[in-house]
There are 2 protein chains.
Amino acid sequence: MANWELVSSAASFGGQQQRYRHQSDSLNCQMHVSVFVPPQAQKSHRLPVLYWLSGLTCTDENFVIKASAQRIAAELGMIIVAPDTSPRGEQVADDQGYDLGQGAGFYVNATQAPWDQHYQIYDYIVEELPALIRQHFHCKQKASIAGHSMGGHGALIVGLSNVQQYMSISAFAPIVNPMECDWGKKALGAYLGDDTTHWEQYDACHLLKQQGQFLQLPILIDQGLDDDFLTSQKLTKPFDELTKKINYPAQVNYHPNYDHSYFFIATFIETHLRFHYKHLMSQ
Amino acid sequence: MANWELVSSAASFGGQQQRYRHQSDSLNCQMHVSVFVPPQAQKSHRLPVLYWLSGLTCTDENFVIKASAQRIAAELGMIIVAPDTSPRGEQVADDQGYDLGQGAGFYVNATQAPWDQHYQIYDYIVEELPALIRQHFHCKQKASIAGHSMGGHGALIVGLSNVQQYMSISAFAPIVNPMECDWGKKALGAYLGDDTTHWEQYDACHLLKQQGQFLQLPILIDQGLDDDFLTSQKLTKPFDELTKKINYPAQVNYHPNYDHSYFFIATFIETHLRFHYKHLMSQ
């Protein structure tokens, strides 16, 4: 099959909400990725790009349908790339739980069978997908990265470990310390094995402790205080406390009444897009 | 069961996106209805209310998830009530087609078996649901009504036949002449029988021809020109032509490139909410 095939395109706020299908080398399967192409793509200048990483159970389409991001992206002239959350297909290993296997890739490179055959999602997000996007769209050199829950974890670990590639990071209700919560222990144990030293590169709190004083990538986090997973799944707070301890440039906002849903994301997505835009345009 | 039970509530733009369950007398089954309650509901004044009627296959949740309406409704202090598109449940008659039975009520009162046992959706929308909303929320006397596709048809026929109850009508890609298109013929034939004189009260073009010169309810319609159903399902145009012929106060906007999806609705929902707000506040 073609390596970058348009499967749908719908007009949205003067731009196009598109969906592409391609064969992924790193994931060794066919993938879908959603791309919002703003009206400014008609012109010749390079556009800012934001990658959005979704949470458990999501595909590339949840953000596109639920986050209300297109209006602002169209105003700002920002491309938003929303990949799927895992490799997909009948030949791809899976688990009956919603928090392991397809829809739950955790943005790591798996080393353990049977997951290691396809679950190289870290490489997909950091290398393969950005190369495809640069090939098919007229983009600024550096991008920004954002995400929700498991995808917020993804945005933090990808951004903090590749500071040369991104201008800014943001997250809604991110899992910041997967080594210490049930979702994280289950997934990292399955994908990476029992030796927890291999988990550390995928734990935002660990990365910040280890090298935070050398990093200066701006970070924005929003967190609802009625989020059912706030304490149990180590969302936001342990990371927030660490940033304060080392004076890391992170802005963390807590919102009474808001939960873990896309209604929360839709309410505050505008501030995230404007935050990234400001940093993306400074390159 | 309780006749008005809150089943979920999520903070959204300072208000609450809620979902209620209730036993419907007119539909003779349990129904769900989604209600956006804006932040202004805390205060004592009566709020404007907009009813949103969805299209084929939809439930009360599609609009809530996909239309990006909450931001504007929160700003304006507008309640938005989104009912389901048909009676629901195992005991409710259904059809294998997506365009008949559950999810496809067409906003009529059915007279033919087996549909007549539950499919009294016109009464539900015009009488039962507004009475429940007035009972549970502090509302202005008259409401406005809007919808998409089959729901645009619903908004037009309900509004035009109950002008004393509504301040304004709007629609996205409405079926305006169901007596003359496949979707309409199938549904009206099944629900109302072969005698097409019984269909006329549910055909917006017929209502406008018959009594348009006596009505002055403001109407706003938006229509995408890349809509696959534009010609085949008699969307917008026959109604637009009639309004021009009799100088009816309707504003009809056509949009190149836009299709029949919620990406189209999300792009233009703001103009609809502001249109209704202006008229709702003039009472």
# chains A, B, ... in the order shown; residues from 1 in each chain; ligands from 1
>>> interface_residues(of="chain A", to="chain B", cutoff="12 Å", atoms="only C-alpha atoms", output="short mmCIF file (atom, residue, chain, number, x, y, z; two decimals) with all heavy atoms, in the first residue's frame")
data_model
loop_
_atom_site.label_atom_id
_atom_site.label_comp_id
_atom_site.auth_asym_id
_atom_site.auth_seq_id
_atom_site.Cartn_x
_atom_site.Cartn_y
_atom_site.Cartn_z
N SER A 8 -9.73 10.38 4.57
CA SER A 8 -10.89 11.26 4.67
C SER A 8 -10.43 12.69 4.90
O SER A 8 -9.33 12.92 5.42
CB SER A 8 -11.84 10.81 5.78
OG SER A 8 -11.26 11.04 7.05
N SER A 9 -11.28 13.62 4.51
CA SER A 9 -10.96 15.04 4.68
C SER A 9 -12.27 15.80 4.78
O SER A 9 -13.13 15.69 3.90
CB SER A 9 -10.13 15.53 3.49
OG SER A 9 -9.66 16.84 3.72
N ALA A 10 -12.45 16.54 5.87
CA ALA A 10 -13.69 17.31 6.06
C ALA A 10 -13.32 18.75 6.34
O ALA A 10 -12.45 19.03 7.17
CB ALA A 10 -14.50 16.74 7.23
N ALA A 11 -14.00 19.67 5.67
CA ALA A 11 -13.76 21.09 5.93
C ALA A 11 -14.12 21.41 7.37
O ALA A 11 -15.12 20.91 7.90
CB ALA A 11 -14.59 21.94 4.97
N SER A 12 -13.29 22.24 8.01
CA SER A 12 -13.47 22.58 9.42
C SER A 12 -12.82 23.93 9.67
O SER A 12 -11.60 24.05 9.53
CB SER A 12 -12.83 21.48 10.27
OG SER A 12 -12.77 21.85 11.63
N PHE A 13 -13.62 24.93 9.98
CA PHE A 13 -13.10 26.28 10.28
C PHE A 13 -12.16 26.79 9.19
O PHE A 13 -11.13 27.37 9.47
CB PHE A 13 -12.40 26.29 11.65
CG PHE A 13 -13.36 26.14 12.81
CD1 PHE A 13 -13.62 24.89 13.35
CD2 PHE A 13 -14.02 27.25 13.32
CE1 PHE A 13 -14.52 24.74 14.40
CE2 PHE A 13 -14.91 27.10 14.38
CZ PHE A 13 -15.17 25.86 14.92
N GLY A 14 -12.52 26.54 7.96
CA GLY A 14 -11.73 27.02 6.83
C GLY A 14 -10.54 26.15 6.49
O GLY A 14 -9.95 26.30 5.42
N GLY A 15 -10.19 25.21 7.38
CA GLY A 15 -9.13 24.25 7.11
C GLY A 15 -9.71 22.90 6.76
O GLY A 15 -10.87 22.79 6.36
N GLN A 16 -8.90 21.87 6.92
CA GLN A 16 -9.34 20.51 6.64
C GLN A 16 -8.95 19.59 7.80
O GLN A 16 -7.78 19.58 8.20
CB GLN A 16 -8.69 19.97 5.35
CG GLN A 16 -9.16 20.66 4.07
CD GLN A 16 -10.56 20.24 3.64
OE1 GLN A 16 -10.98 19.10 3.87
NE2 GLN A 16 -11.31 21.16 3.03
N GLN A 17 -9.93 18.85 8.31
CA GLN A 17 -9.63 17.80 9.27
C GLN A 17 -9.43 16.51 8.48
O GLN A 17 -10.39 15.97 7.93
CB GLN A 17 -10.76 17.66 10.29
CG GLN A 17 -10.48 16.61 11.34
CD GLN A 17 -9.21 16.92 12.14
OE1 GLN A 17 -9.12 17.96 12.79
NE2 GLN A 17 -8.23 16.03 12.08
N GLN A 18 -8.18 16.04 8.43
CA GLN A 18 -7.86 14.91 7.57
C GLN A 18 -7.46 13.68 8.37
O GLN A 18 -7.07 13.77 9.53
CB GLN A 18 -6.70 15.29 6.63
CG GLN A 18 -7.03 16.54 5.82
CD GLN A 18 -6.01 16.84 4.75
OE1 GLN A 18 -4.82 16.65 4.96
NE2 GLN A 18 -6.49 17.31 3.60
N PHE A 36 -5.00 17.98 11.48
CA PHE A 36 -5.74 19.19 11.15
C PHE A 36 -4.83 20.11 10.35
O PHE A 36 -3.74 20.47 10.82
CB PHE A 36 -6.25 19.93 12.39
CG PHE A 36 -6.96 21.20 12.02
CD1 PHE A 36 -8.22 21.15 11.44
CD2 PHE A 36 -6.36 22.44 12.20
CE1 PHE A 36 -8.87 22.32 11.04
CE2 PHE A 36 -7.01 23.61 11.82
CZ PHE A 36 -8.27 23.55 11.24
N GLU A 61 -8.77 9.47 16.65
CA GLU A 61 -9.95 10.28 16.37
C GLU A 61 -10.57 10.95 17.59
O GLU A 61 -11.34 11.91 17.44
CB GLU A 61 -11.01 9.43 15.67
CG GLU A 61 -10.54 8.94 14.31
CD GLU A 61 -11.67 8.42 13.45
OE1 GLU A 61 -12.26 7.37 13.82
OE2 GLU A 61 -11.96 9.05 12.42
N ASN A 62 -10.30 10.48 18.80
CA ASN A 62 -10.98 11.05 19.97
C ASN A 62 -10.73 12.54 20.10
O ASN A 62 -11.65 13.33 20.30
CB ASN A 62 -10.53 10.34 21.25
CG ASN A 62 -10.92 8.88 21.26
OD1 ASN A 62 -10.45 8.12 20.42
ND2 ASN A 62 -11.79 8.48 22.18
N PHE A 63 -9.47 12.93 20.02
CA PHE A 63 -9.13 14.35 20.17
C PHE A 63 -9.81 15.18 19.08
O PHE A 63 -10.35 16.26 19.35
CB PHE A 63 -7.61 14.51 20.07
CG PHE A 63 -7.15 15.93 20.11
CD1 PHE A 63 -7.04 16.61 21.32
CD2 PHE A 63 -6.83 16.61 18.94
CE1 PHE A 63 -6.61 17.94 21.36
CE2 PHE A 63 -6.40 17.94 18.98
CZ PHE A 63 -6.29 18.59 20.18
N VAL A 64 -9.80 14.65 17.87
CA VAL A 64 -10.34 15.35 16.71
C VAL A 64 -11.83 15.63 16.89
O VAL A 64 -12.34 16.70 16.54
CB VAL A 64 -10.10 14.47 15.47
CG1 VAL A 64 -10.97 14.88 14.31
CG2 VAL A 64 -8.62 14.46 15.12
N ILE A 65 -12.55 14.67 17.46
CA ILE A 65 -14.00 14.78 17.61
C ILE A 65 -14.38 15.56 18.85
O ILE A 65 -15.36 16.31 18.84
CB ILE A 65 -14.61 13.36 17.67
CG1 ILE A 65 -14.47 12.67 16.30
CG2 ILE A 65 -16.07 13.40 18.11
CD1 ILE A 65 -14.82 11.19 16.31
N LYS A 66 -13.61 15.43 19.92
CA LYS A 66 -14.08 15.90 21.22
C LYS A 66 -13.40 17.15 21.78
O LYS A 66 -13.91 17.74 22.73
CB LYS A 66 -13.89 14.78 22.26
CG LYS A 66 -14.70 13.54 21.98
CD LYS A 66 -14.47 12.49 23.07
CE LYS A 66 -15.44 11.32 22.94
NZ LYS A 66 -15.31 10.37 24.06
N ALA A 67 -12.24 17.54 21.27
CA ALA A 67 -11.45 18.55 21.99
C ALA A 67 -11.74 19.98 21.57
O ALA A 67 -11.27 20.92 22.22
CB ALA A 67 -9.96 18.26 21.84
N SER A 68 -12.51 20.19 20.49
CA SER A 68 -12.83 21.55 20.04
C SER A 68 -11.58 22.37 19.74
O SER A 68 -11.55 23.58 19.98
CB SER A 68 -13.65 22.30 21.09
OG SER A 68 -14.85 21.64 21.37
N ALA A 69 -10.55 21.74 19.22
CA ALA A 69 -9.28 22.44 19.00
C ALA A 69 -9.21 23.15 17.64
O ALA A 69 -8.40 24.05 17.46
CB ALA A 69 -8.12 21.45 19.12
N GLN A 70 -10.05 22.73 16.70
CA GLN A 70 -9.88 23.22 15.32
C GLN A 70 -10.06 24.73 15.19
O GLN A 70 -9.39 25.37 14.37
CB GLN A 70 -10.84 22.49 14.37
CG GLN A 70 -10.52 21.02 14.13
CD GLN A 70 -11.23 20.09 15.11
OE1 GLN A 70 -11.82 20.54 16.09
NE2 GLN A 70 -11.17 18.79 14.84
N ARG A 71 -10.98 25.31 15.95
CA ARG A 71 -11.25 26.75 15.83
C ARG A 71 -9.97 27.54 16.10
O ARG A 71 -9.61 28.44 15.33
CB ARG A 71 -12.35 27.16 16.82
CG ARG A 71 -12.67 28.64 16.81
CD ARG A 71 -13.79 28.97 17.82
NE ARG A 71 -13.39 28.68 19.20
CZ ARG A 71 -12.77 29.54 20.01
NH1 ARG A 71 -12.51 30.76 19.61
NH2 ARG A 71 -12.45 29.18 21.24
N ILE A 72 -9.29 27.23 17.17
CA ILE A 72 -8.08 27.98 17.54
C ILE A 72 -6.93 27.65 16.60
O ILE A 72 -6.16 28.52 16.20
CB ILE A 72 -7.62 27.65 18.97
CG1 ILE A 72 -8.79 27.44 19.91
CG2 ILE A 72 -6.67 28.70 19.49
CD1 ILE A 72 -9.53 28.65 20.19
N ALA A 74 -7.15 26.85 13.55
CA ALA A 74 -7.40 27.55 12.29
C ALA A 74 -7.02 29.02 12.42
O ALA A 74 -6.45 29.62 11.51
CB ALA A 74 -8.87 27.42 11.89
N GLY A 224 -7.77 18.69 36.61
CA GLY A 224 -9.04 18.82 37.31
C GLY A 224 -8.95 18.23 38.71
O GLY A 224 -8.31 17.18 38.90
N LEU A 225 -9.59 18.88 39.66
CA LEU A 225 -9.52 18.38 41.04
C LEU A 225 -10.62 17.36 41.35
O LEU A 225 -10.60 16.73 42.39
CB LEU A 225 -9.55 19.55 42.03
CG LEU A 225 -8.27 20.39 42.02
CD1 LEU A 225 -8.42 21.63 42.90
CD2 LEU A 225 -7.08 19.55 42.48
N ASP A 226 -11.60 17.21 40.43
CA ASP A 226 -12.58 16.13 40.57
C ASP A 226 -12.24 14.95 39.68
O ASP A 226 -13.11 14.16 39.31
CB ASP A 226 -13.99 16.64 40.22
CG ASP A 226 -14.69 17.21 41.45
OD1 ASP A 226 -14.03 17.36 42.50
OD2 ASP A 226 -15.90 17.50 41.35
N ASP A 227 -10.98 14.82 39.34
CA ASP A 227 -10.49 13.74 38.49
C ASP A 227 -10.38 12.48 39.35
O ASP A 227 -9.61 12.44 40.31
CB ASP A 227 -9.12 14.15 37.94
CG ASP A 227 -8.57 13.18 36.92
OD1 ASP A 227 -8.77 11.96 37.08
OD2 ASP A 227 -7.91 13.64 35.98
N HIS A 255 -7.99 22.87 38.72
CA HIS A 255 -9.33 23.37 38.46
C HIS A 255 -10.36 22.61 39.29
O HIS A 255 -10.63 21.43 39.00
CB HIS A 255 -9.66 23.23 36.98
CG HIS A 255 -8.68 23.92 36.08
ND1 HIS A 255 -8.71 25.27 35.84
CD2 HIS A 255 -7.61 23.45 35.41
CE1 HIS A 255 -7.72 25.60 35.04
NE2 HIS A 255 -7.03 24.51 34.76
N PRO A 256 -10.95 23.26 40.28
CA PRO A 256 -12.02 22.61 41.05
C PRO A 256 -13.15 22.20 40.10
O PRO A 256 -13.39 22.88 39.09
CB PRO A 256 -12.51 23.71 42.00
CG PRO A 256 -11.40 24.70 42.06
CD PRO A 256 -10.69 24.63 40.75
N ASN A 257 -13.82 21.11 40.41
CA ASN A 257 -15.01 20.60 39.70
C ASN A 257 -14.70 19.83 38.42
O ASN A 257 -15.53 19.04 37.99
CB ASN A 257 -16.00 21.71 39.34
CG ASN A 257 -16.44 22.48 40.56
OD1 ASN A 257 -16.64 21.89 41.62
ND2 ASN A 257 -16.56 23.78 40.42
N TYR A 258 -13.55 20.05 37.81
CA TYR A 258 -13.30 19.39 36.52
C TYR A 258 -12.82 17.96 36.71
O TYR A 258 -12.06 17.67 37.64
CB TYR A 258 -12.30 20.20 35.69
CG TYR A 258 -12.97 21.41 35.09
CD1 TYR A 258 -13.08 22.59 35.81
CD2 TYR A 258 -13.56 21.35 33.83
CE1 TYR A 258 -13.73 23.70 35.29
CE2 TYR A 258 -14.21 22.44 33.29
CZ TYR A 258 -14.29 23.62 34.02
OH TYR A 258 -14.95 24.70 33.50
N ASP A 259 -13.27 17.08 35.79
CA ASP A 259 -12.94 15.65 35.88
C ASP A 259 -11.88 15.27 34.84
O ASP A 259 -11.13 16.12 34.38
CB ASP A 259 -14.22 14.82 35.76
CG ASP A 259 -14.89 14.94 34.40
OD1 ASP A 259 -14.24 15.46 33.45
OD2 ASP A 259 -16.05 14.52 34.28
N HIS A 260 -11.83 14.00 34.48
CA HIS A 260 -10.78 13.48 33.60
C HIS A 260 -11.20 13.49 32.12
O HIS A 260 -10.47 13.02 31.26
CB HIS A 260 -10.46 12.04 34.04
CG HIS A 260 -9.13 11.51 33.58
ND1 HIS A 260 -7.93 12.02 34.03
CD2 HIS A 260 -8.79 10.52 32.70
CE1 HIS A 260 -6.92 11.36 33.47
NE2 HIS A 260 -7.42 10.45 32.64
N SER A 261 -12.39 14.03 31.82
CA SER A 261 -12.98 13.84 30.49
C SER A 261 -12.53 14.88 29.47
O SER A 261 -11.86 15.86 29.78
CB SER A 261 -14.50 13.91 30.61
OG SER A 261 -14.91 15.25 30.83
N TYR A 262 -12.98 14.68 28.24
CA TYR A 262 -12.72 15.64 27.18
C TYR A 262 -13.49 16.94 27.38
O TYR A 262 -13.16 17.96 26.76
CB TYR A 262 -12.99 15.03 25.80
CG TYR A 262 -11.73 14.47 25.17
CD1 TYR A 262 -11.36 13.14 25.35
CD2 TYR A 262 -10.88 15.28 24.42
CE1 TYR A 262 -10.18 12.64 24.78
CE2 TYR A 262 -9.71 14.80 23.85
CZ TYR A 262 -9.37 13.47 24.03
OH TYR A 262 -8.20 12.99 23.47
N PHE A 263 -14.53 16.96 28.22
CA PHE A 263 -15.19 18.23 28.53
C PHE A 263 -14.19 19.16 29.24
O PHE A 263 -14.21 20.37 29.03
CB PHE A 263 -16.44 18.02 29.39
CG PHE A 263 -17.52 17.25 28.67
CD1 PHE A 263 -17.95 16.02 29.13
CD2 PHE A 263 -18.09 17.77 27.52
CE1 PHE A 263 -18.95 15.32 28.46
CE2 PHE A 263 -19.08 17.07 26.84
CZ PHE A 263 -19.51 15.84 27.32
N PHE A 264 -13.35 18.58 30.06
CA PHE A 264 -12.28 19.32 30.72
C PHE A 264 -11.26 19.81 29.69
O PHE A 264 -10.89 21.00 29.66
CB PHE A 264 -11.63 18.41 31.78
CG PHE A 264 -10.31 18.87 32.31
CD1 PHE A 264 -10.16 20.13 32.86
CD2 PHE A 264 -9.21 18.02 32.27
CE1 PHE A 264 -8.92 20.54 33.37
CE2 PHE A 264 -7.98 18.42 32.76
CZ PHE A 264 -7.84 19.69 33.31
N ILE A 265 -10.84 18.92 28.80
CA ILE A 265 -9.86 19.29 27.78
C ILE A 265 -10.41 20.41 26.90
O ILE A 265 -9.73 21.41 26.64
CB ILE A 265 -9.48 18.06 26.93
CG1 ILE A 265 -8.79 17.01 27.81
CG2 ILE A 265 -8.60 18.47 25.76
CD1 ILE A 265 -8.56 15.69 27.11
N ALA A 266 -11.66 20.25 26.43
CA ALA A 266 -12.25 21.26 25.53
C ALA A 266 -12.28 22.63 26.19
O ALA A 266 -12.11 23.66 25.53
CB ALA A 266 -13.65 20.83 25.10
N THR A 267 -12.51 22.65 27.50
CA THR A 267 -12.61 23.92 28.21
C THR A 267 -11.28 24.68 28.20
O THR A 267 -11.27 25.91 28.11
CB THR A 267 -13.07 23.68 29.66
OG1 THR A 267 -14.34 23.01 29.64
CG2 THR A 267 -13.20 24.98 30.44
N PHE A 268 -10.18 23.96 28.28
CA PHE A 268 -8.88 24.62 28.45
C PHE A 268 -7.93 24.44 27.27
O PHE A 268 -6.78 24.88 27.33
CB PHE A 268 -8.22 24.14 29.75
CG PHE A 268 -9.03 24.51 30.98
CD1 PHE A 268 -9.82 23.57 31.62
CD2 PHE A 268 -9.04 25.82 31.43
CE1 PHE A 268 -10.60 23.91 32.73
CE2 PHE A 268 -9.81 26.18 32.53
CZ PHE A 268 -10.59 25.22 33.18
N ILE A 269 -8.38 23.80 26.20
CA ILE A 269 -7.46 23.55 25.08
C ILE A 269 -6.96 24.86 24.47
O ILE A 269 -5.81 24.94 24.00
CB ILE A 269 -8.13 22.66 24.00
CG1 ILE A 269 -7.11 22.17 22.97
CG2 ILE A 269 -9.26 23.38 23.27
CD1 ILE A 269 -6.16 21.14 23.47
N GLU A 270 -7.79 25.90 24.50
CA GLU A 270 -7.38 27.16 23.89
C GLU A 270 -6.11 27.70 24.54
O GLU A 270 -5.19 28.15 23.83
CB GLU A 270 -8.51 28.19 23.99
CG GLU A 270 -8.12 29.53 23.38
CD GLU A 270 -9.30 30.46 23.11
OE1 GLU A 270 -10.46 30.05 23.34
OE2 GLU A 270 -9.06 31.59 22.67
#
>>> select_by_dssp(residues="range 169-210 of chain A", states="helix (DSSP H, G or I)", output="JSON, numbers by chain")
{"A": [178, 179, 180, 182, 183, 184, 185, 186, 187, 188, 189, 190, 191, 192, 196, 197, 198, 200, 201, 202, 204, 205, 206, 207, 208, 209, 210]}
>>> residues_around(residues="Ser24 in chain B", least_positions_apart="4", cutoff="10 Å", atoms="only C-alpha atoms", output="NGL selection string")
:B and (3-4 or 28-32 or 87 or 118 or 124 or 128-129)
>>> residues_around(residues="Leu27 in chain B", least_positions_apart="2", cutoff="12 Å", atoms="only C-alpha atoms", output="ChimeraX atom specification")
/B:22-25,29-32,84-89,91-93,102,105,107-110,115-125,127-129
>>> write_last_selection(atoms="N, CA, C and O atoms", output="compact mmCIF listing (two decimals), in the first residue's frame")
# COMPACT_ATOMS: atom_id res chain seq x y z
N HIS B 22 -35.25 9.66 32.35
CA HIS B 22 -36.61 9.83 32.86
C HIS B 22 -37.56 8.88 32.12
O HIS B 22 -37.26 8.42 31.01
N GLN B 23 -38.68 8.60 32.76
CA GLN B 23 -39.72 7.79 32.14
C GLN B 23 -40.60 8.72 31.33
O GLN B 23 -41.17 9.67 31.86
N SER B 24 -40.72 8.46 30.04
CA SER B 24 -41.54 9.33 29.18
C SER B 24 -42.94 8.76 29.02
O SER B 24 -43.11 7.60 28.63
N ASP B 25 -43.92 9.59 29.30
CA ASP B 25 -45.32 9.16 29.09
C ASP B 25 -45.64 9.07 27.60
O ASP B 25 -46.27 8.11 27.15
N CYS B 29 -41.51 4.79 27.41
CA CYS B 29 -40.24 4.10 27.65
C CYS B 29 -39.31 5.04 28.42
O CYS B 29 -39.63 6.21 28.62
N GLN B 30 -38.17 4.49 28.83
CA GLN B 30 -37.18 5.30 29.52
C GLN B 30 -36.34 6.06 28.50
O GLN B 30 -35.92 5.49 27.50
N MET B 31 -36.12 7.34 28.75
CA MET B 31 -35.35 8.17 27.82
C MET B 31 -34.17 8.83 28.51
O MET B 31 -34.20 9.07 29.72
N HIS B 32 -33.15 9.15 27.71
CA HIS B 32 -32.05 9.99 28.17
C HIS B 32 -32.13 11.34 27.45
O HIS B 32 -32.50 11.40 26.28
N ASP B 84 -32.92 12.58 22.70
CA ASP B 84 -32.62 11.46 21.81
C ASP B 84 -33.49 11.57 20.55
O ASP B 84 -34.42 12.38 20.49
N THR B 85 -33.19 10.76 19.54
CA THR B 85 -33.88 10.88 18.25
C THR B 85 -35.02 9.88 18.07
O THR B 85 -35.64 9.84 17.00
N SER B 86 -35.31 9.10 19.10
CA SER B 86 -36.42 8.13 19.02
C SER B 86 -36.63 7.53 20.40
O SER B 86 -35.77 7.67 21.27
N PRO B 87 -37.77 6.83 20.59
CA PRO B 87 -37.87 5.99 21.78
C PRO B 87 -36.79 4.91 21.73
O PRO B 87 -36.26 4.61 20.66
N ARG B 88 -36.48 4.34 22.90
CA ARG B 88 -35.39 3.36 22.99
C ARG B 88 -35.77 2.20 23.88
O ARG B 88 -36.59 2.35 24.80
N GLY B 89 -35.15 1.07 23.66
CA GLY B 89 -35.30 -0.07 24.55
C GLY B 89 -35.66 -1.34 23.80
O GLY B 89 -36.11 -1.30 22.65
N GLN B 91 -38.07 -3.31 24.23
CA GLN B 91 -39.49 -3.48 23.97
C GLN B 91 -40.00 -2.53 22.89
O GLN B 91 -41.17 -2.57 22.51
N VAL B 92 -39.12 -1.67 22.38
CA VAL B 92 -39.51 -0.66 21.38
C VAL B 92 -39.24 -1.21 19.98
O VAL B 92 -38.15 -1.72 19.70
N ALA B 93 -40.24 -1.08 19.09
CA ALA B 93 -40.10 -1.57 17.72
C ALA B 93 -38.87 -0.97 17.05
O ALA B 93 -38.50 0.17 17.33
N GLN B 102 -35.42 2.80 15.81
CA GLN B 102 -34.63 3.46 16.85
C GLN B 102 -33.47 4.26 16.22
O GLN B 102 -32.75 3.76 15.37
N GLY B 105 -36.51 8.54 14.49
CA GLY B 105 -37.93 8.79 14.79
C GLY B 105 -38.61 9.82 13.90
O GLY B 105 -39.83 9.88 13.84
N TYR B 107 -39.37 12.69 14.23
CA TYR B 107 -40.11 13.74 14.96
C TYR B 107 -41.59 13.79 14.59
O TYR B 107 -42.18 14.86 14.53
N VAL B 108 -42.18 12.60 14.37
CA VAL B 108 -43.62 12.51 14.06
C VAL B 108 -44.33 11.75 15.18
O VAL B 108 -43.70 11.13 16.03
N ASN B 109 -45.67 11.79 15.15
CA ASN B 109 -46.48 10.89 15.97
C ASN B 109 -46.94 9.74 15.08
O ASN B 109 -47.77 9.94 14.18
N ALA B 110 -46.41 8.55 15.32
CA ALA B 110 -46.75 7.41 14.45
C ALA B 110 -48.19 6.98 14.68
O ALA B 110 -48.71 7.01 15.80
N TRP B 115 -45.34 0.83 15.18
CA TRP B 115 -44.65 2.06 15.60
C TRP B 115 -45.49 2.90 16.56
O TRP B 115 -44.96 3.66 17.38
N ASP B 116 -46.83 2.79 16.45
CA ASP B 116 -47.70 3.69 17.22
C ASP B 116 -47.62 3.46 18.73
O ASP B 116 -48.05 4.31 19.51
N GLN B 117 -47.04 2.34 19.16
CA GLN B 117 -46.94 2.09 20.60
C GLN B 117 -45.95 3.02 21.31
O GLN B 117 -46.08 3.29 22.50
N HIS B 118 -44.94 3.47 20.61
CA HIS B 118 -43.89 4.28 21.26
C HIS B 118 -43.50 5.54 20.49
O HIS B 118 -43.03 6.50 21.08
N TYR B 119 -43.67 5.54 19.19
CA TYR B 119 -43.09 6.62 18.37
C TYR B 119 -44.00 7.85 18.32
O TYR B 119 -44.48 8.24 17.25
N GLN B 120 -44.19 8.48 19.50
CA GLN B 120 -44.97 9.73 19.56
C GLN B 120 -43.97 10.87 19.87
O GLN B 120 -44.08 11.59 20.86
N ILE B 121 -43.01 11.02 19.01
CA ILE B 121 -41.87 11.89 19.30
C ILE B 121 -42.23 13.35 19.12
O ILE B 121 -41.66 14.23 19.78
N TYR B 122 -43.15 13.62 18.22
CA TYR B 122 -43.60 15.01 18.06
C TYR B 122 -44.17 15.52 19.39
O TYR B 122 -43.79 16.60 19.86
N ASP B 123 -45.03 14.73 19.99
CA ASP B 123 -45.60 15.14 21.30
C ASP B 123 -44.52 15.26 22.37
O ASP B 123 -44.58 16.15 23.23
N TYR B 124 -43.57 14.35 22.33
CA TYR B 124 -42.47 14.39 23.30
C TYR B 124 -41.70 15.71 23.19
O TYR B 124 -41.41 16.36 24.19
N ILE B 125 -41.38 16.11 21.97
CA ILE B 125 -40.57 17.31 21.75
C ILE B 125 -41.37 18.58 22.02
O ILE B 125 -40.86 19.56 22.58
N GLU B 127 -44.37 18.92 23.77
CA GLU B 127 -45.08 19.08 25.04
C GLU B 127 -44.35 18.49 26.25
O GLU B 127 -44.07 19.19 27.21
N GLU B 128 -44.08 17.19 26.21
CA GLU B 128 -43.59 16.55 27.44
C GLU B 128 -42.22 17.07 27.87
O GLU B 128 -42.01 17.42 29.04
N LEU B 129 -41.28 17.12 26.93
CA LEU B 129 -39.92 17.53 27.31
C LEU B 129 -39.86 18.99 27.76
O LEU B 129 -39.25 19.29 28.80
>>> closest_residue(among="A:Gly159, A:Gly77, A:Pro174, A:Pro130", to="Gly147 in chain A", atoms="only C-alpha atoms")
A:Pro174
>>> closest_residue(among="B:Leu76, B:Leu207, B:Cys139, B:Val7", to="Pro38 in chain B", atoms="only C-alpha atoms")
B:Leu76
>>> closest_atom_pairs(of="range 135-208 of chain A", to="range 48-52 of chain A", cutoff="12 Å", atoms="only C-alpha atoms", output="CSV")
residue,atom,partner,partner_atom,distance
A:Phe137,CA,A:Val49,CA,9.6
A:His138,CA,A:Pro48,CA,9.0
A:Cys139,CA,A:Pro48,CA,6.0
A:Lys140,CA,A:Pro48,CA,5.4
A:Gln141,CA,A:Pro48,CA,8.4
A:Lys142,CA,A:Val49,CA,7.9
A:Ala143,CA,A:Val49,CA,5.1
A:Ser144,CA,A:Leu50,CA,4.8
A:Ile145,CA,A:Tyr51,CA,4.7
A:Ala146,CA,A:Trp52,CA,4.9
A:Gly147,CA,A:Trp52,CA,5.1
A:His148,CA,A:Trp52,CA,8.2
A:Ser149,CA,A:Trp52,CA,11.4
A:Met150,CA,A:Trp52,CA,11.4
A:Gly151,CA,A:Trp52,CA,7.6
A:Gly152,CA,A:Trp52,CA,8.8
A:His153,CA,A:Trp52,CA,11.5
A:Gly154,CA,A:Trp52,CA,9.4
A:Ala155,CA,A:Trp52,CA,7.9
A:Leu156,CA,A:Trp52,CA,11.5
A:Val158,CA,A:Tyr51,CA,10.8
A:Gly159,CA,A:Tyr51,CA,10.6
A:Gln165,CA,A:Val49,CA,11.6
A:Tyr166,CA,A:Leu50,CA,9.4
A:Met167,CA,A:Leu50,CA,9.8
A:Ser168,CA,A:Leu50,CA,9.4
A:Ile169,CA,A:Leu50,CA,9.5
A:Ser170,CA,A:Trp52,CA,9.4
A:Ala171,CA,A:Trp52,CA,9.3
A:Phe172,CA,A:Trp52,CA,10.8
